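First up is the structure itself, then whatever we jot down about it.
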Amino acid sequence: MTKTIVNSWNEWDPLRHVIVGRADDCHIPPEEPALDAKVPEDSDMRGQWGRRPQETIDRANELLDNFASLLTKRGIRVDRPTSIDHSKPVTTPDFHTDSQFGCMPPRDVLLTVGAEILEATMSYRCRWFEYLNYRPLLQRYWEEDPNFRHEAAPKPRLTDADYHPDYLSEKIGVAQRLKWAEEKHFVTTEEEPLFDAADVLRFGRDLVVQHGFTTNLKGIEWLRRHFPDHRVHTVNFPGDPYPIHIDATFTPLRPGLILNNPQRRLPDDQRKLFNDNDWEIVDAAQPAHNTPPPLCYSSTWLSMNVLVLDPKTVCVEASEVYQMEQMDKLGMEVVPVELRDAYAFGGGLHCCTADVYREGGCEDYFP
Ligand code: ABU
């Protein structure tokens, strides 16, 4: 009798098995083109690199462990990655960087579509080997589930030709960044296919993919060819001066309902798919914080980076009082989860997880 380990087609069906990241040995990597483009110009991250302070690693791990226990108590199987040594430099024939990033957050690296887990190309040099943190788990799933497809996208070369030099300037300014975002001029070029898994949202037969800093058009075309039975839609959010990862911008909660970041609204001409199928797109509540925590790459909009446990239940960061209130009004049962002190390690509740198994199959929500 065979056992299905891997199955997940969307962001909301009942979650039964998930990977939760670890903060172990996380580093702030040295400067490099795609990473620098994401660090806000006034951020305390500028000019810093090295292993993150041990007390912050311990605190983040405490919160991630608590989150894992909460999920386990709700009957969800939780697996954890095995940290590699992130202090090791990465050298390939094409580039060198003096350290790596970490085994947080798994959502950036692993894209689960049905019975497949696909390792993304990634676009930061410091994240080139990040998939190795998850290989012990993926090997285990492969041994246990004869239908599991373990796939890896072609490793990119990440030469200087992958990055637009005008993004490397110290002072660009938010107005210029917004102009470039409107023009779809991002730090990554079209030299070769690039994508992070966290730029992809799964809606059954449809994949919605953000074109931005971490995913280029060739990356989206690669996904289109790799998933020939899916419809792949490209989206942009011009209000975002630092566009990486879709999951603090566009958050499906259940069939027919999506939260959209009010500063990063989906343009009218990209709403047709949702409008034609009676999906409601509502503005997300304001974040409860005016600034991200120290040494954090992400924006305050991790407030809407939630983990949906099933179409009626959602985990929201415990200090995000406005987001919790809005979820309640939208008819969701809210599970508060403390995670803010782990944000600096790469993101919120959606980021720090990767789906392994959700109930349900591949539905067509946009017939
Ligand atoms: N990894 C999600 C970060 C998105 C943001 O900074 O808004």
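Residues in the structure tokens are named by chain (A, B, ... in the order shown) and by number from 1 within that chain; ligands are numbered from 1 in the order shown.
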Write out as a PyMOL selection string the residues lying within 10 Å of His233 (chain A), counting only C-alpha atoms and excluding same-chain residues fewer than 4 positions away. chain A and resi 200-201+206-211+220-221+224+270+273
Output C-alpha atoms of each residue in that selection to a file, as a PDB file, in the first residue's frame.
ATOM      1  CA  VAL A 200       4.190  32.150  -6.778  1.00  0.00           C
ATOM      2  CA  LEU A 201       0.645  31.750  -5.443  1.00  0.00           C
ATOM      3  CA  ASP A 206      -3.823  28.613 -11.980  1.00  0.00           C
ATOM      4  CA  LEU A 207      -0.480  29.910 -10.772  1.00  0.00           C
ATOM      5  CA  VAL A 208      -0.188  33.650 -10.138  1.00  0.00           C
ATOM      6  CA  VAL A 209       3.421  34.842 -10.288  1.00  0.00           C
ATOM      7  CA  GLN A 210       4.881  38.217  -9.357  1.00  0.00           C
ATOM      8  CA  HIS A 211       7.401  39.747 -11.785  1.00  0.00           C
ATOM      9  CA  ILE A 220       7.848  32.892 -15.306  1.00  0.00           C
ATOM     10  CA  GLU A 221       8.163  31.417 -18.797  1.00  0.00           C
ATOM     11  CA  ARG A 224       4.843  27.991 -17.679  1.00  0.00           C
ATOM     12  CA  GLN A 270      -4.633  42.574 -14.201  1.00  0.00           C
ATOM     13  CA  LEU A 273      -9.227  36.932 -14.073  1.00  0.00           C
TER      14      LEU A 273
END
Tell me which protein, DNA and RNA residues are within 12 Å of Glu144 (chain A), counting only C-alpha atoms, leaving out same-chain ones fewer than 2 positions away, and put them as a ChimeraX atom specification. /A:1-6,137-142,146-149
Residues within 6 Å of ligand 1 should be enumerated using only C-alpha atoms and all ligand atoms and returned as number ranges by chain. A: 244-245, 247-248, 298-299, 301, 347
Can you pull out every residue from region 52-201 of chain A that DSSP, working from the backbone, puts in helix (DSSP H, G or I), and format the result as a PyMOL selection string? chain A and resi 54-73+106-109+125-127+130-144+160-162+165-168+174-182+197-199
One decimal, in Å: what's the spacing between CA of Glu31 (chain A) and CA of Asp98 (chain A)? 9.4 Å
So which residues touch Thr313 (chain A) within 10 Å, counting only C-alpha atoms, skipping near sequence neighbours fewer than 2 positions away, as a CSV table (one decimal) with N, CA, C and O atoms, in the first residue's frame?
chain,number,residue,atom,x,y,z
A,12,TRP,N,-5.1,27.4,0.7
A,12,TRP,CA,-6.1,27.5,1.7
A,12,TRP,C,-6.7,26.1,2.1
A,12,TRP,O,-7.4,26.0,3.1
A,14,PRO,N,-7.4,22.4,3.8
A,14,PRO,CA,-6.9,22.0,5.1
A,14,PRO,C,-5.5,21.5,5.1
A,14,PRO,O,-5.2,20.6,4.4
A,253,LEU,N,-7.4,33.9,0.9
A,253,LEU,CA,-7.8,33.4,2.2
A,253,LEU,C,-8.7,32.1,2.0
A,253,LEU,O,-8.7,31.2,2.8
A,254,ARG,N,-9.4,32.1,0.9
A,254,ARG,CA,-10.3,31.0,0.6
A,254,ARG,C,-10.8,31.3,-0.8
A,254,ARG,O,-10.7,32.4,-1.3
A,307,LEU,N,-0.7,32.4,7.6
A,307,LEU,CA,-0.8,31.0,7.2
A,307,LEU,C,-2.2,30.6,7.4
A,307,LEU,O,-2.7,30.5,8.5
A,308,VAL,N,-2.8,30.2,6.2
A,308,VAL,CA,-4.2,29.7,6.3
A,308,VAL,C,-4.2,28.2,6.6
A,308,VAL,O,-3.5,27.5,5.9
A,309,LEU,N,-4.9,27.9,7.6
A,309,LEU,CA,-4.9,26.4,8.0
A,309,LEU,C,-6.0,25.7,7.3
A,309,LEU,O,-5.9,24.5,7.1
A,310,ASP,N,-7.1,26.4,7.1
A,310,ASP,CA,-8.2,25.9,6.3
A,310,ASP,C,-9.1,27.1,5.9
A,310,ASP,O,-8.8,28.2,6.4
A,311,PRO,N,-10.1,26.9,5.1
A,311,PRO,CA,-10.8,28.1,4.6
A,311,PRO,C,-11.5,28.9,5.7
A,311,PRO,O,-12.0,30.0,5.4
A,315,CYS,N,-3.7,31.7,10.8
A,315,CYS,CA,-2.7,32.1,11.8
A,315,CYS,C,-2.3,33.5,11.4
A,315,CYS,O,-1.8,33.8,10.3
A,316,VAL,N,-2.3,34.4,12.4
A,316,VAL,CA,-1.9,35.8,12.2
A,316,VAL,C,-0.9,36.1,13.3
A,316,VAL,O,-1.1,35.7,14.5
A,327,MET,N,-9.6,39.9,9.9
A,327,MET,CA,-9.8,38.5,9.7
A,327,MET,C,-11.1,38.0,10.4
A,327,MET,O,-11.9,37.3,9.8
A,328,ASP,N,-11.3,38.5,11.6
A,328,ASP,CA,-12.5,38.1,12.4
A,328,ASP,C,-13.7,38.6,11.6
A,328,ASP,O,-14.7,37.9,11.4
A,331,GLY,N,-14.9,36.6,8.8
A,331,GLY,CA,-15.5,35.3,9.2
A,331,GLY,C,-14.5,34.2,9.4
A,331,GLY,O,-14.8,33.1,9.4
A,332,MET,N,-13.2,34.6,9.6
A,332,MET,CA,-12.2,33.6,9.8
A,332,MET,C,-12.0,33.4,11.3
A,332,MET,O,-12.0,34.4,12.1
A,333,GLU,N,-11.7,32.2,11.8
A,333,GLU,CA,-11.2,32.0,13.1
A,333,GLU,C,-9.8,32.3,13.1
A,333,GLU,O,-9.0,31.8,12.3
A,334,VAL,N,-9.4,33.2,14.1
A,334,VAL,CA,-8.0,33.7,14.1
A,334,VAL,C,-7.2,32.9,15.2
A,334,VAL,O,-7.6,32.8,16.3
A,335,VAL,N,-6.0,32.4,14.7
A,335,VAL,CA,-5.1,31.8,15.7
A,335,VAL,C,-3.9,32.8,15.8
A,335,VAL,O,-3.1,32.9,14.9
Fewer than 2 positions away in the same chain doesn't count, so skip those; otherwise give me all residues within 9 Å of Ile28 (chain A), counting only C-alpha atoms, as a list in words. Cys26, Pro30, Met45, Gln48, Trp49, Gly50, Arg51, Arg52, Ser99, Gln100, Phe101, Gly102, Leu295 and Phe345 of chain A
Tell me, which residues of region 45-290 of chain A carry DSSP strand (DSSP E), written as a VMD selection string? chain A and resid 50 to 51 77 to 79 90 to 91 96 to 97 110 to 113 116 to 119 149 to 152 200 to 203 206 to 210 231 to 235 250 to 254 257 to 260 280 to 283
Between A:Asp36, A:Asp79, A:Glu363, A:Asp44, single out the one closest to Arg202 (chain A), counting only C-alpha atoms. A:Glu363
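Excluding Leu259 (chain A) itself and any same-chain residue fewer than 2 positions from it, the protein and nucleic acid residues within 9 Å of it, counting only C-alpha atoms, are Thr249, Phe250, Thr251, Pro252, Leu253, Leu257, Asn261, Pro262, Glu280, Ile281, Val282, Asp283, Ala284, Ala285 and Met304 of chain A.
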Using only C-alpha atoms: which of A:Pro336, A:Pro33, A:Leu266, A:Asp25 has the shortest distance to Phe213 (chain A):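 Answer, going by the shortest atom-to-atom distance: A:Pro33.
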I'd like the neighbourhood of region 274-278 of chain A as a VMD selection string, where a residue qualifies if any of its atoms comes within 8 Å (using only C-alpha atoms), though same-chain residues fewer than 2 positions away should be ignored. chain A and resid 256 271 to 272 280 365 to 367
